[in-house]
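Enquirer: Got work15.txt for you, compact mmCIF, C-alpha atoms and all ligand atoms:
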# COMPACT_ATOMS: atom_id res chain seq x y z
CA MET A 1 100.14 14.08 -25.65
CA GLN A 2 96.92 15.96 -25.17
CA ASN A 3 95.81 15.98 -28.77
CA ILE A 4 92.92 13.74 -29.54
CA ILE A 5 91.53 12.50 -32.78
CA HIS A 6 87.79 12.11 -32.73
CA LYS A 7 86.81 9.02 -34.55
CA ASN A 8 83.57 7.10 -34.51
CA ILE A 9 81.44 9.70 -32.69
CA ASP A 10 77.87 8.63 -33.32
CA PRO A 11 75.42 11.57 -33.37
CA GLN A 12 72.47 9.18 -33.00
CA SER A 13 73.55 7.81 -29.66
CA VAL A 14 74.82 11.03 -28.06
CA ILE A 15 72.88 12.07 -24.96
CA LEU A 16 72.25 15.81 -25.17
CA PRO A 17 71.01 18.39 -22.63
CA PRO A 18 68.64 18.61 -20.82
CA ALA A 19 68.90 14.85 -20.22
CA MET A 20 69.04 13.54 -16.67
CA LEU A 21 72.41 12.05 -15.68
CA GLY A 22 73.04 9.87 -12.65
CA MET A 23 75.90 10.06 -10.17
CA LEU A 24 76.66 7.41 -7.57
CA GLY A 25 78.15 9.18 -4.59
CA GLY A 26 77.55 12.63 -3.20
CA GLY A 27 81.01 13.78 -2.09
CA GLN A 28 83.01 16.69 -3.48
CA LEU A 29 83.82 14.82 -6.70
CA GLY A 30 80.10 14.35 -7.26
CA ARG A 31 79.48 17.99 -6.44
CA PHE A 32 81.95 19.17 -9.07
CA PHE A 33 80.31 16.77 -11.52
CA VAL A 34 76.90 18.31 -10.79
CA ILE A 35 78.33 21.80 -11.34
CA ALA A 36 79.90 20.80 -14.67
CA ALA A 37 76.75 18.99 -15.83
CA HIS A 38 74.54 21.94 -14.86
CA GLU A 39 76.77 24.37 -16.73
CA MET A 40 76.39 22.20 -19.81
CA GLY A 41 72.59 22.10 -19.46
CA TYR A 42 72.11 18.61 -18.02
CA ARG A 43 70.14 17.64 -14.94
CA VAL A 44 71.58 15.32 -12.32
CA THR A 45 70.26 12.69 -9.94
CA VAL A 46 72.67 11.88 -7.10
CA LEU A 47 72.42 8.70 -5.06
CA ASP A 48 74.06 8.91 -1.64
CA PRO A 49 72.94 7.68 1.80
CA ASP A 50 73.97 10.97 3.47
CA ALA A 51 71.13 13.53 3.58
CA ASN A 52 73.74 16.31 3.77
CA SER A 53 76.06 15.10 1.03
CA PRO A 54 77.81 17.97 -0.82
CA ALA A 55 76.57 16.81 -4.24
CA GLY A 56 73.09 15.74 -3.08
CA LYS A 57 72.45 19.27 -1.81
CA ILE A 58 72.88 20.85 -5.25
CA ALA A 59 71.54 18.03 -7.44
CA ASP A 60 68.16 18.21 -9.18
CA VAL A 61 67.19 15.00 -7.42
CA HIS A 62 68.86 13.42 -4.42
CA ILE A 63 67.98 9.78 -3.83
CA CYS A 64 68.97 9.32 -0.22
CA ALA A 65 69.57 5.56 -0.08
CA ALA A 66 72.25 2.93 0.32
CA PHE A 67 74.38 1.97 -2.70
CA ASP A 68 72.89 -1.52 -2.73
CA ASP A 69 69.24 -0.50 -2.29
CA LYS A 70 67.65 -2.24 -5.30
CA GLU A 71 64.47 -0.12 -5.31
CA ALA A 72 66.52 3.09 -5.22
CA LEU A 73 68.76 1.78 -8.01
CA LYS A 74 65.72 0.92 -10.13
CA ALA A 75 64.35 4.43 -9.63
CA MET A 76 67.72 5.88 -10.58
CA ALA A 77 68.07 3.70 -13.67
CA SER A 78 64.63 4.66 -14.93
CA ALA A 79 65.18 8.38 -14.32
CA CYS A 80 68.66 8.64 -15.84
CA GLU A 81 69.95 8.20 -19.37
CA ALA A 82 73.51 7.52 -18.26
CA ILE A 83 75.16 6.84 -14.91
CA SER A 84 78.68 7.26 -13.54
CA THR A 85 80.34 7.06 -10.15
CA GLU A 86 82.45 9.34 -8.00
CA PHE A 87 82.74 6.81 -5.20
CA GLU A 88 85.51 4.29 -5.73
CA ASN A 89 83.98 1.79 -3.34
CA VAL A 90 80.55 1.61 -4.94
CA PRO A 91 79.76 -2.12 -5.06
CA ALA A 92 80.62 -3.51 -8.50
CA ASP A 93 77.29 -5.40 -8.33
CA THR A 94 75.49 -2.05 -8.20
CA LEU A 95 77.16 -0.98 -11.44
CA SER A 96 76.32 -4.32 -13.12
CA PHE A 97 72.71 -4.07 -11.93
CA LEU A 98 72.32 -0.55 -13.33
CA ALA A 99 74.06 -1.55 -16.57
CA GLN A 100 71.26 -4.03 -17.31
CA THR A 101 68.99 -1.11 -18.21
CA THR A 102 71.15 2.03 -18.43
CA SER A 103 74.49 3.13 -19.85
CA VAL A 104 77.08 2.92 -17.04
CA ARG A 105 80.61 4.29 -17.36
CA PRO A 106 83.12 3.23 -16.11
CA SER A 107 82.22 -0.45 -16.25
CA ALA A 108 81.69 -2.62 -13.17
CA GLN A 109 84.67 -4.69 -14.30
CA SER A 110 87.20 -1.85 -14.29
CA VAL A 111 85.88 -0.40 -11.02
CA ALA A 112 86.10 -3.87 -9.42
CA ILE A 113 89.80 -4.08 -10.32
CA ALA A 114 90.67 -0.57 -9.12
CA GLN A 115 88.78 -0.85 -5.83
CA HIS A 116 90.65 -3.92 -4.67
CA ARG A 117 94.39 -3.47 -4.05
CA VAL A 118 95.20 -7.10 -4.75
CA SER A 119 93.40 -7.28 -8.08
CA GLU A 120 94.74 -3.83 -8.94
CA LYS A 121 98.38 -4.79 -8.24
CA ASN A 122 98.01 -8.16 -9.96
CA PHE A 123 96.41 -6.51 -12.98
CA LEU A 124 99.23 -3.97 -13.22
CA LYS A 125 101.93 -6.59 -12.83
CA GLU A 126 100.35 -8.99 -15.31
CA SER A 127 99.97 -6.11 -17.78
CA GLY A 128 103.72 -5.58 -17.62
CA LEU A 129 103.40 -2.22 -15.86
CA PRO A 130 106.03 -1.33 -13.25
CA VAL A 131 104.91 -1.57 -9.60
CA ALA A 132 106.62 -1.55 -6.20
CA PRO A 133 107.55 -5.01 -4.88
CA TYR A 134 104.61 -6.49 -2.95
CA VAL A 135 103.32 -9.65 -1.31
CA VAL A 136 99.63 -10.58 -0.96
CA ILE A 137 98.68 -11.43 2.64
CA ASN A 138 95.70 -13.75 3.15
CA ALA A 139 96.88 -15.45 6.32
CA GLU A 140 99.48 -14.85 9.02
CA ALA A 141 101.72 -17.44 7.36
CA ASP A 142 101.90 -15.25 4.25
CA VAL A 143 103.80 -12.53 6.13
CA PRO A 144 107.45 -12.75 5.01
CA ASP A 145 110.07 -13.33 7.71
CA ASP A 146 112.73 -10.84 8.72
CA ALA A 147 115.17 -12.06 6.08
CA SER A 148 112.87 -10.71 3.36
CA ASP A 149 114.04 -7.57 1.56
CA ILE A 150 110.43 -6.33 1.50
CA TYR A 151 111.14 -4.59 4.85
CA PRO A 152 110.71 -1.80 5.75
CA ALA A 153 107.25 -2.07 4.25
CA ILE A 154 103.70 -0.72 4.30
CA LEU A 155 100.80 -3.03 5.02
CA LYS A 156 97.71 -1.84 3.13
CA VAL A 157 94.23 -3.34 3.43
CA ALA A 158 92.92 -4.54 0.08
CA ARG A 159 89.56 -2.84 0.37
CA PHE A 160 88.15 0.52 1.50
CA GLY A 161 91.48 2.20 2.22
CA TYR A 162 91.79 5.87 1.23
CA ASP A 163 93.79 8.96 2.22
CA GLY A 164 96.34 6.80 4.02
CA LYS A 165 93.65 5.00 6.07
CA GLY A 166 94.01 1.23 6.43
CA GLN A 167 97.80 1.48 6.16
CA ALA A 168 100.55 0.69 8.64
CA ARG A 169 104.30 1.11 8.32
CA VAL A 170 106.12 -2.00 9.52
CA LYS A 171 109.81 -2.85 9.93
CA ASN A 172 109.71 -6.60 10.44
CA LEU A 173 107.64 -9.78 10.71
CA GLU A 174 106.45 -9.03 14.24
CA GLU A 175 105.19 -5.55 13.37
CA ALA A 176 103.61 -6.81 10.16
CA GLN A 177 101.76 -9.57 11.98
CA LEU A 178 100.55 -7.15 14.64
CA ALA A 179 99.29 -4.71 12.01
CA TYR A 180 97.63 -7.56 10.11
CA SER A 181 95.72 -8.61 13.22
CA GLN A 182 94.79 -4.96 13.88
CA PHE A 183 93.28 -4.92 10.39
CA SER A 184 91.13 -7.90 11.51
CA ARG A 185 93.08 -10.24 9.21
CA GLU A 186 91.43 -8.70 6.20
CA GLU A 187 93.20 -9.39 2.92
CA CYS A 188 96.18 -7.04 2.60
CA VAL A 189 99.06 -6.10 0.38
CA LEU A 190 102.50 -5.78 1.99
CA GLU A 191 104.42 -3.31 -0.12
CA LYS A 192 108.08 -2.38 0.05
CA MET A 193 108.58 1.09 1.52
CA LEU A 194 110.38 3.01 -1.18
CA LYS A 195 112.56 6.08 -1.02
CA LEU A 196 110.65 8.34 -3.36
CA ASP A 197 112.24 11.07 -5.46
CA TYR A 198 108.76 12.55 -5.80
CA GLU A 199 105.19 11.56 -6.75
CA VAL A 200 103.20 12.39 -9.86
CA SER A 201 99.78 11.58 -11.24
CA VAL A 202 98.00 11.72 -14.56
CA VAL A 203 94.27 12.21 -15.03
CA LEU A 204 92.84 11.17 -18.35
CA ALA A 205 89.54 10.65 -20.08
CA ARG A 206 88.96 7.74 -22.44
CA ASP A 207 85.77 7.43 -24.42
CA ALA A 208 83.89 4.37 -25.63
CA HIS A 209 85.74 4.47 -28.96
CA GLY A 210 89.19 4.53 -27.38
CA ASN A 211 89.86 8.24 -27.90
CA VAL A 212 92.03 9.50 -25.03
CA ALA A 213 92.69 12.99 -23.67
CA THR A 214 95.33 13.23 -20.94
CA PHE A 215 95.70 16.20 -18.63
CA PRO A 216 99.23 17.45 -17.91
CA THR A 217 101.20 15.50 -15.30
CA SER A 218 100.76 16.76 -11.75
CA GLU A 219 103.50 16.72 -9.08
CA ASN A 220 101.99 15.75 -5.75
CA SER A 221 103.12 16.03 -2.16
CA HIS A 222 101.33 14.29 0.68
CA LEU A 223 100.99 14.95 4.40
CA ASN A 224 100.13 11.94 6.59
CA GLY A 225 99.21 9.96 3.48
CA ILE A 226 96.75 12.62 2.27
CA LEU A 227 97.32 14.76 -0.81
CA ASP A 228 98.49 18.18 0.31
CA VAL A 229 99.77 20.10 -2.73
CA SER A 230 99.69 19.53 -6.50
CA ILE A 231 101.96 21.51 -8.81
CA VAL A 232 101.20 21.45 -12.53
CA PRO A 233 103.06 21.12 -14.78
CA ALA A 234 105.21 18.89 -12.59
CA ARG A 235 108.77 20.01 -11.91
CA GLY A 236 111.49 17.44 -12.34
CA SER A 237 112.24 15.70 -15.57
CA ASP A 238 110.04 16.30 -18.61
CA ALA A 239 110.92 12.79 -19.73
CA VAL A 240 109.40 11.39 -16.53
CA SER A 241 106.25 13.51 -16.98
CA TYR A 242 105.93 12.32 -20.56
CA GLN A 243 106.51 8.70 -19.61
CA ALA A 244 103.82 9.00 -16.89
CA GLN A 245 101.35 10.07 -19.57
CA LYS A 246 102.27 7.11 -21.73
CA LEU A 247 101.96 4.68 -18.82
CA ALA A 248 98.58 6.16 -17.77
CA ILE A 249 97.26 5.66 -21.32
CA SER A 250 98.58 2.14 -21.25
CA VAL A 251 96.76 1.44 -17.94
CA ALA A 252 93.50 2.77 -19.43
CA GLU A 253 93.89 0.75 -22.60
CA LYS A 254 94.76 -2.48 -20.81
CA LEU A 255 91.69 -2.00 -18.58
CA ASN A 256 89.63 -1.13 -21.66
CA TYR A 257 88.53 1.76 -19.50
CA THR A 258 85.72 4.16 -20.42
CA GLY A 259 85.52 7.24 -18.22
CA VAL A 260 87.82 9.58 -16.32
CA MET A 261 90.60 8.02 -14.31
CA GLY A 262 93.53 9.11 -12.17
CA VAL A 263 96.76 7.14 -12.11
CA GLU A 264 99.18 7.77 -9.23
CA PHE A 265 102.89 7.14 -9.68
CA PHE A 266 105.99 6.96 -7.52
CA VAL A 267 109.21 8.29 -9.01
CA CYS A 268 111.98 6.20 -7.52
CA ASN A 269 115.62 6.44 -8.70
CA GLY A 270 114.32 8.30 -11.75
CA GLU A 271 111.99 5.43 -12.67
CA LEU A 272 108.19 5.45 -12.61
CA LEU A 273 106.18 2.88 -10.69
CA VAL A 274 102.39 2.80 -10.84
CA ASN A 275 101.05 3.26 -7.29
CA GLU A 276 97.30 3.09 -7.76
CA ILE A 277 94.38 3.67 -10.09
CA ALA A 278 91.33 5.77 -9.23
CA PRO A 279 88.34 4.91 -11.46
CA ARG A 280 86.97 8.46 -11.27
CA PRO A 281 88.19 12.07 -11.32
CA HIS A 282 91.09 12.59 -8.94
CA ASN A 283 91.98 15.14 -6.27
CA SER A 284 95.23 15.91 -8.10
CA GLY A 285 93.11 16.86 -11.14
CA HIS A 286 91.19 19.62 -9.35
CA TYR A 287 93.56 22.16 -10.88
CA THR A 288 91.88 21.44 -14.23
CA ILE A 289 88.79 23.34 -13.02
CA ASP A 290 90.70 26.62 -13.15
CA ALA A 291 93.66 25.95 -15.42
CA CYS A 292 92.43 23.86 -18.36
CA VAL A 293 90.10 24.40 -21.31
CA THR A 294 87.97 21.44 -20.21
CA ASN A 295 88.04 20.25 -16.62
CA GLN A 296 88.07 16.64 -15.46
CA PHE A 297 84.38 16.74 -14.48
CA GLU A 298 83.23 18.10 -17.83
CA GLN A 299 85.29 15.31 -19.38
CA GLN A 300 83.35 12.85 -17.19
CA VAL A 301 80.06 14.28 -18.50
CA ARG A 302 81.35 14.09 -22.06
CA VAL A 303 82.41 10.46 -21.78
CA MET A 304 79.15 9.27 -20.23
CA THR A 305 76.99 11.11 -22.73
CA GLY A 306 79.02 10.09 -25.77
CA LEU A 307 80.02 13.67 -26.57
CA PRO A 308 83.46 14.16 -28.10
CA LEU A 309 86.17 14.76 -25.49
CA GLY A 310 87.06 18.39 -24.83
CA SER A 311 90.51 19.89 -25.08
CA SER A 312 92.54 19.16 -21.98
CA ARG A 313 95.02 21.94 -22.75
CA GLN A 314 96.35 23.76 -19.70
CA HIS A 315 96.30 27.53 -20.15
CA SER A 316 97.96 28.58 -16.84
CA SER A 317 100.39 27.04 -14.43
CA ALA A 318 98.55 25.90 -11.32
CA VAL A 319 99.19 25.02 -7.71
CA MET A 320 96.39 23.34 -5.79
CA VAL A 321 96.36 23.17 -1.99
CA ASN A 322 93.92 20.94 -0.10
CA LEU A 323 92.00 22.38 2.85
CA LEU A 324 91.55 19.67 5.47
CA GLY A 325 89.41 19.95 8.57
CA ASP A 326 92.59 20.58 10.57
CA VAL A 327 92.68 24.11 9.15
CA TRP A 328 89.47 25.09 10.98
CA PRO A 329 90.48 26.74 14.28
CA THR A 330 88.69 26.42 17.61
CA ASP A 331 87.93 29.41 19.81
CA ALA A 332 88.56 29.77 23.56
CA THR A 333 85.43 27.73 24.36
CA GLY A 334 86.59 24.90 22.10
CA ALA A 335 83.93 25.66 19.46
CA GLN A 336 84.91 25.39 15.81
CA THR A 337 85.34 28.68 13.94
CA GLU A 338 86.15 29.53 10.34
CA PRO A 339 89.64 30.14 8.98
CA ASP A 340 90.43 33.75 8.10
CA TRP A 341 89.30 33.38 4.49
CA LEU A 342 89.98 37.01 3.64
CA LYS A 343 93.71 36.26 3.82
CA ALA A 344 93.22 33.86 0.93
CA PHE A 345 90.69 35.90 -1.04
CA ASN A 346 93.05 38.91 -1.00
CA ASN A 347 95.04 37.08 -3.67
CA ALA A 348 93.59 37.91 -7.09
CA GLN A 349 95.02 34.76 -8.67
CA LEU A 350 93.33 32.44 -6.19
CA LYS A 351 90.30 30.28 -6.97
CA MET A 352 88.59 29.03 -3.80
CA HIS A 353 86.50 25.86 -3.66
CA LEU A 354 84.74 24.95 -0.41
CA TYR A 355 82.65 21.81 -0.49
CA GLY A 356 79.89 22.79 1.94
CA LYS A 357 80.61 20.04 4.46
CA HIS A 358 79.13 20.74 7.87
CA GLU A 359 81.68 19.36 10.25
CA ALA A 360 85.41 20.04 9.88
CA ARG A 361 87.03 16.86 11.15
CA ALA A 362 90.81 16.34 11.18
CA GLY A 363 91.97 14.80 7.89
CA ARG A 364 88.61 15.44 6.19
CA LYS A 365 88.78 17.15 2.80
CA MET A 366 86.74 20.34 3.26
CA GLY A 367 87.87 22.28 0.22
CA HIS A 368 90.85 23.34 -1.84
CA TYR A 369 92.22 26.42 -3.51
CA THR A 370 94.16 26.78 -6.72
CA VAL A 371 96.51 29.61 -7.56
CA ILE A 372 96.93 30.12 -11.28
CA ASN A 373 99.66 32.16 -12.91
CA ALA A 374 101.58 32.37 -16.17
CA SER A 375 104.68 31.53 -14.11
CA ARG A 376 104.78 28.24 -12.23
CA ASP A 377 107.33 29.61 -9.76
CA GLU A 378 105.08 32.58 -9.00
CA ALA A 379 102.06 30.29 -8.54
CA ILE A 380 104.08 28.15 -6.10
CA LYS A 381 105.25 31.21 -4.17
CA GLN A 382 101.75 32.65 -3.81
CA ALA A 383 100.11 29.32 -2.97
CA MET A 384 102.69 28.70 -0.25
CA GLN A 385 102.23 32.22 1.19
CA ILE A 386 98.49 31.60 1.52
CA ARG A 387 99.18 28.18 2.99
CA VAL A 388 101.27 29.77 5.74
CA GLU A 389 98.68 32.48 6.38
CA LEU A 390 95.94 29.87 6.81
CA ASN A 391 98.21 27.78 9.11
CA ILE A 392 98.06 24.76 6.83
CA GLY A 393 100.28 21.84 7.76
CA SER A 394 101.33 23.45 11.03
P1 LIG B 1 95.66 5.93 -0.58
O1 LIG B 1 94.66 5.02 -1.19
O2 LIG B 1 95.40 6.23 0.84
O3 LIG B 1 95.92 7.15 -1.44
P2 LIG B 1 98.38 5.13 -1.30
O4 LIG B 1 98.81 3.74 -1.51
O5 LIG B 1 98.32 6.02 -2.49
O6 LIG B 1 96.98 5.06 -0.53
O7 LIG B 1 99.33 5.77 -0.21
C1 LIG B 1 99.22 7.13 0.22
C2 LIG B 1 100.60 7.78 0.21
O8 LIG B 1 101.50 7.09 1.09
C3 LIG B 1 101.29 7.75 -1.14
O9 LIG B 1 100.84 8.77 -2.01
C4 LIG B 1 102.75 7.90 -0.72
O10 LIG B 1 103.04 9.23 -0.37
C5 LIG B 1 102.82 7.05 0.55
N1 LIG B 1 103.18 5.66 0.18
C6 LIG B 1 102.32 4.65 -0.10
N2 LIG B 1 102.97 3.52 -0.43
C7 LIG B 1 104.28 3.81 -0.38
C8 LIG B 1 105.49 3.05 -0.61
N3 LIG B 1 105.45 1.76 -0.96
N4 LIG B 1 106.68 3.67 -0.43
C9 LIG B 1 106.73 4.97 -0.05
N5 LIG B 1 105.64 5.75 0.18
C10 LIG B 1 104.42 5.18 0.02
MG MG B 2 96.85 7.23 -3.24
Would you write the structure of this file as structure tokens?
Expert:
Amino acid sequence: MQNIIHKNIDPQSVILPPAMLGMLGGGQLGRFFVIAAHEMGYRVTVLDPDANSPAGKIADVHICAAFDDKEALKAMASACEAISTEFENVPADTLSFLAQTTSVRPSAQSVAIAQHRVSEKNFLKESGLPVAPYVVINAEADVPDDASDIYPAILKVARFGYDGKGQARVKNLEEAQLAYSQFSREECVLEKMLKLDYEVSVVLARDAHGNVATFPTSENSHLNGILDVSIVPARGSDAVSYQAQKLAISVAEKLNYTGVMGVEFFVCNGELLVNEIAPRPHNSGHYTIDACVTNQFEQQVRVMTGLPLGSSRQHSSAVMVNLLGDVWPTDATGAQTEPDWLKAFNNAQLKMHLYGKHEARAGRKMGHYTVINASRDEAIKQAMQIRVELNIGS
């Protein structure tokens, strides 16, 4: 699945180092992009309204402005030879505006679909891809009554939801209507609550010529709707993992997608359902930094510059564990202190990644670590030991 055939690479249009690349968004995904681009010899301009953004702090240039600030966007477009995004909710208009003068990947069109749950679900369904049963809610009258087999269900706001935010679990009409009003009657999707066997995701890169490189399928577990642990390669059926790769490629092709994307799946009664599409590198693909020949952020650089895709071959089994703000302890005075990092660093197979965020808030992604090992079982064992020592999930 991971083999790629390079066709149509055009040496004339490739953007080579030390060109300036642009990144919309300054979070950890942007920070890893900056690191990858710097390693390859590129310079990076990051646009993010937060003066302390993790990526802005290490970029060559940080334009500290809103995502719809036209003057800032003009400055970015004139400074950069190609632009991409790490922020799923970047206004699609911003991407279209930049695309008038600069190469922008992924396109405004594909980001617009992925950032809106209704258009995303409708796109998937119309493309013949399997999804969980859902109903679009635009008014109270759209909420199905108690006779509907959609219940128990999850109400999800169409826009700006992430890490389980903007979601409510509801058992009946009354609860669904209450949740809908609590979400200020914003457009929502009401989705059947499924009994999941497990969850997987596939990260892939697709270039402007349609060449695709998929990373191995990741098995993901979540805590409170937030990714907790990724195990790669996924356990469970190889046929399911293979099918996930095929479906992810199909999603990318049907979107005519150019860039790096993550596709999340539910495995339910042995069948795959597409959960959602992330039009950017994905948290479940962080293992690629330490366990693959090319990581997902280098792939992002390669796609936007027109370089051939790198090999996505995984050389070690990997287990990634997210470090949320909850892991940061407080001392007797209530002041925040640091976790006992030495407990983690004592493991020689561990790769630590802390994002340099100032304030450790509950549920906030502060970092992650990956344990790599020739044996997947050994990687799982060691990653779980460290997880216990750092009091994660307790
Ligand atoms: P987010 O954008 O916050 O990642 P998701 O729709 O992916 O939102 O939901 C987060 C997690 O909640 C999923 O990874 C899954 O664990 C759980 N979840 C979401 N929808 C369903 C569903 N229909 N049935 C069962 N679990 C679900
Ligand atoms: Mg998700």
Enquirer: Just the residues within 6 Å of range 97-112 of chain A, please, counting only C-alpha atoms, with nothing from its chain fewer than 3 positions along; format it as a VMD selection string.
Expert: chain A and resid 77 82 to 84 92 to 94 115 258 to 259 279 304
Enquirer: Export C-alpha atoms of the chosen residues as a PDB file, in the frame of the given file?
Expert:
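Result saved to out-v4.pdb:
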ATOM      1  CA  ALA A  77      68.070   3.700 -13.670  1.00  0.00           C
ATOM      2  CA  ALA A  82      73.510   7.520 -18.260  1.00  0.00           C
ATOM      3  CA  ILE A  83      75.160   6.840 -14.910  1.00  0.00           C
ATOM      4  CA  SER A  84      78.680   7.260 -13.540  1.00  0.00           C
ATOM      5  CA  ALA A  92      80.620  -3.510  -8.500  1.00  0.00           C
ATOM      6  CA  ASP A  93      77.290  -5.400  -8.330  1.00  0.00           C
ATOM      7  CA  THR A  94      75.490  -2.050  -8.200  1.00  0.00           C
ATOM      8  CA  GLN A 115      88.780  -0.850  -5.830  1.00  0.00           C
ATOM      9  CA  THR A 258      85.720   4.160 -20.420  1.00  0.00           C
ATOM     10  CA  GLY A 259      85.520   7.240 -18.220  1.00  0.00           C
ATOM     11  CA  PRO A 279      88.340   4.910 -11.460  1.00  0.00           C
ATOM     12  CA  MET A 304      79.150   9.270 -20.230  1.00  0.00           C
TER      13      MET A 304
END
Enquirer: Could you state the separation of CA of Arg185 in chain A and atom O2 of ligand LIG 1 (chain B) in Å, given to one decimal place?
Expert: 18.6 Å
Enquirer: Could you list, as a list in words, all protein and nucleic acid residues with an atom at most 8 Å from ligand MG 2 (chain B), counting only C-alpha atoms and all ligand atoms?
Expert: Tyr162, Asp163, Gly164, Gly225, Ile226, Leu227, Glu264, Asn275 and Glu276 of chain A
Enquirer: Taking into account all atoms listed in the file, which residue in the set A:Leu323, A:Val293, A:Leu194, A:Leu204 is nearest to Gly363 in chain A?
Expert: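 The closest residue to Gly363 in chain A is A:Leu323.
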Enquirer: Pick from A:Phe265, A:Phe215, A:Phe345, A:Tyr242: nearest to Thr294 in chain A, with only C-alpha atoms counted?
Expert: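 Using only C-alpha atoms, the shortest distance to Thr294 in chain A belongs to A:Phe215.
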Enquirer: What does the distance from CA of Ile154 in chain A to CA of Asn322 in chain A come to in Å, to one decimal?
Expert: 24.2 Å
Enquirer: Using only C-alpha atoms, determine which residues lie at most 9 Å from Lys365 in chain A, disregarding the query and same-chain residues fewer than 5 positions distant; provide the list as a list in words.
Expert: Gln28, Asn322, Leu323, Leu324, Gly325, Tyr355, Lys357 and Ala360 of chain A
Enquirer: Considering all atoms listed in the file, can you say which of A:Ala79, A:Val267, A:Val90, A:Val200 comes closest to Ser221 in chain A?
Expert: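 Closest residue, counting all atoms listed in the file: A:Val200.
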Enquirer: Grab me every residue within 10 Å of ligand LIG 1 (chain B), counting all atoms listed in the file, and send it over as a CSV table (one decimal) with C-alpha atoms, keeping the file's coordinate frame.
Expert:
chain,number,residue,atom,x,y,z
A,115,GLN,CA,88.8,-0.8,-5.8
A,117,ARG,CA,94.4,-3.5,-4.0
A,131,VAL,CA,104.9,-1.6,-9.6
A,132,ALA,CA,106.6,-1.6,-6.2
A,133,PRO,CA,107.6,-5.0,-4.9
A,134,TYR,CA,104.6,-6.5,-3.0
A,150,ILE,CA,110.4,-6.3,1.5
A,152,PRO,CA,110.7,-1.8,5.8
A,153,ALA,CA,107.2,-2.1,4.2
A,154,ILE,CA,103.7,-0.7,4.3
A,155,LEU,CA,100.8,-3.0,5.0
A,156,LYS,CA,97.7,-1.8,3.1
A,157,VAL,CA,94.2,-3.3,3.4
A,158,ALA,CA,92.9,-4.5,0.1
A,159,ARG,CA,89.6,-2.8,0.4
A,160,PHE,CA,88.2,0.5,1.5
A,161,GLY,CA,91.5,2.2,2.2
A,162,TYR,CA,91.8,5.9,1.2
A,163,ASP,CA,93.8,9.0,2.2
A,164,GLY,CA,96.3,6.8,4.0
A,165,LYS,CA,93.6,5.0,6.1
A,166,GLY,CA,94.0,1.2,6.4
A,167,GLN,CA,97.8,1.5,6.2
A,168,ALA,CA,100.6,0.7,8.6
A,169,ARG,CA,104.3,1.1,8.3
A,190,LEU,CA,102.5,-5.8,2.0
A,191,GLU,CA,104.4,-3.3,-0.1
A,192,LYS,CA,108.1,-2.4,0.0
A,193,MET,CA,108.6,1.1,1.5
A,194,LEU,CA,110.4,3.0,-1.2
A,195,LYS,CA,112.6,6.1,-1.0
A,196,LEU,CA,110.6,8.3,-3.4
A,197,ASP,CA,112.2,11.1,-5.5
A,198,TYR,CA,108.8,12.6,-5.8
A,199,GLU,CA,105.2,11.6,-6.8
A,200,VAL,CA,103.2,12.4,-9.9
A,201,SER,CA,99.8,11.6,-11.2
A,220,ASN,CA,102.0,15.8,-5.8
A,221,SER,CA,103.1,16.0,-2.2
A,222,HIS,CA,101.3,14.3,0.7
A,223,LEU,CA,101.0,15.0,4.4
A,224,ASN,CA,100.1,11.9,6.6
A,225,GLY,CA,99.2,10.0,3.5
A,226,ILE,CA,96.8,12.6,2.3
A,227,LEU,CA,97.3,14.8,-0.8
A,228,ASP,CA,98.5,18.2,0.3
A,263,VAL,CA,96.8,7.1,-12.1
A,264,GLU,CA,99.2,7.8,-9.2
A,265,PHE,CA,102.9,7.1,-9.7
A,266,PHE,CA,106.0,7.0,-7.5
A,267,VAL,CA,109.2,8.3,-9.0
A,268,CYS,CA,112.0,6.2,-7.5
A,273,LEU,CA,106.2,2.9,-10.7
A,274,VAL,CA,102.4,2.8,-10.8
A,275,ASN,CA,101.0,3.3,-7.3
A,276,GLU,CA,97.3,3.1,-7.8
A,277,ILE,CA,94.4,3.7,-10.1
A,278,ALA,CA,91.3,5.8,-9.2
Enquirer: Please indicate the distance in Å from CA of Pro17 in chain A to CA of Gly356 in chain A, rounded to one decimal place.
Expert: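 Going from CA of Pro17 in chain A over to CA of Gly356 in chain A, I get 26.5 Å.
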Enquirer: Can you work out which one of A:Ala248, A:Leu309, A:Leu73, A:Ala379 has the shortest atom-to-atom distance to Pro130 in chain A, counting all atoms listed in the file?
Expert: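 That would be A:Ala248, the residue with the smallest distance to Pro130 in chain A.
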Enquirer: Of the residues A:Ala72, A:Val203, A:Leu129, A:Leu21, which is the one nearest to Ser250 in chain A, using only C-alpha atoms?
Expert: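 Between A:Ala72, A:Val203, A:Leu129, A:Leu21, the residue approaching Ser250 in chain A most closely is A:Leu129.
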Enquirer: Given the point (89.4, 31.6, -7.6) in the file's coordinates, find the residues that have an atom at most 8 Å from it, counting all atoms listed in the file, and give them as a list in words.
Expert: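 Final list of nearby residues, as requested, is Asp290, Phe345, Ala348, Gln349, Leu350, Lys351, Met352, His353, Tyr369, Thr370 and Val371 of chain A.
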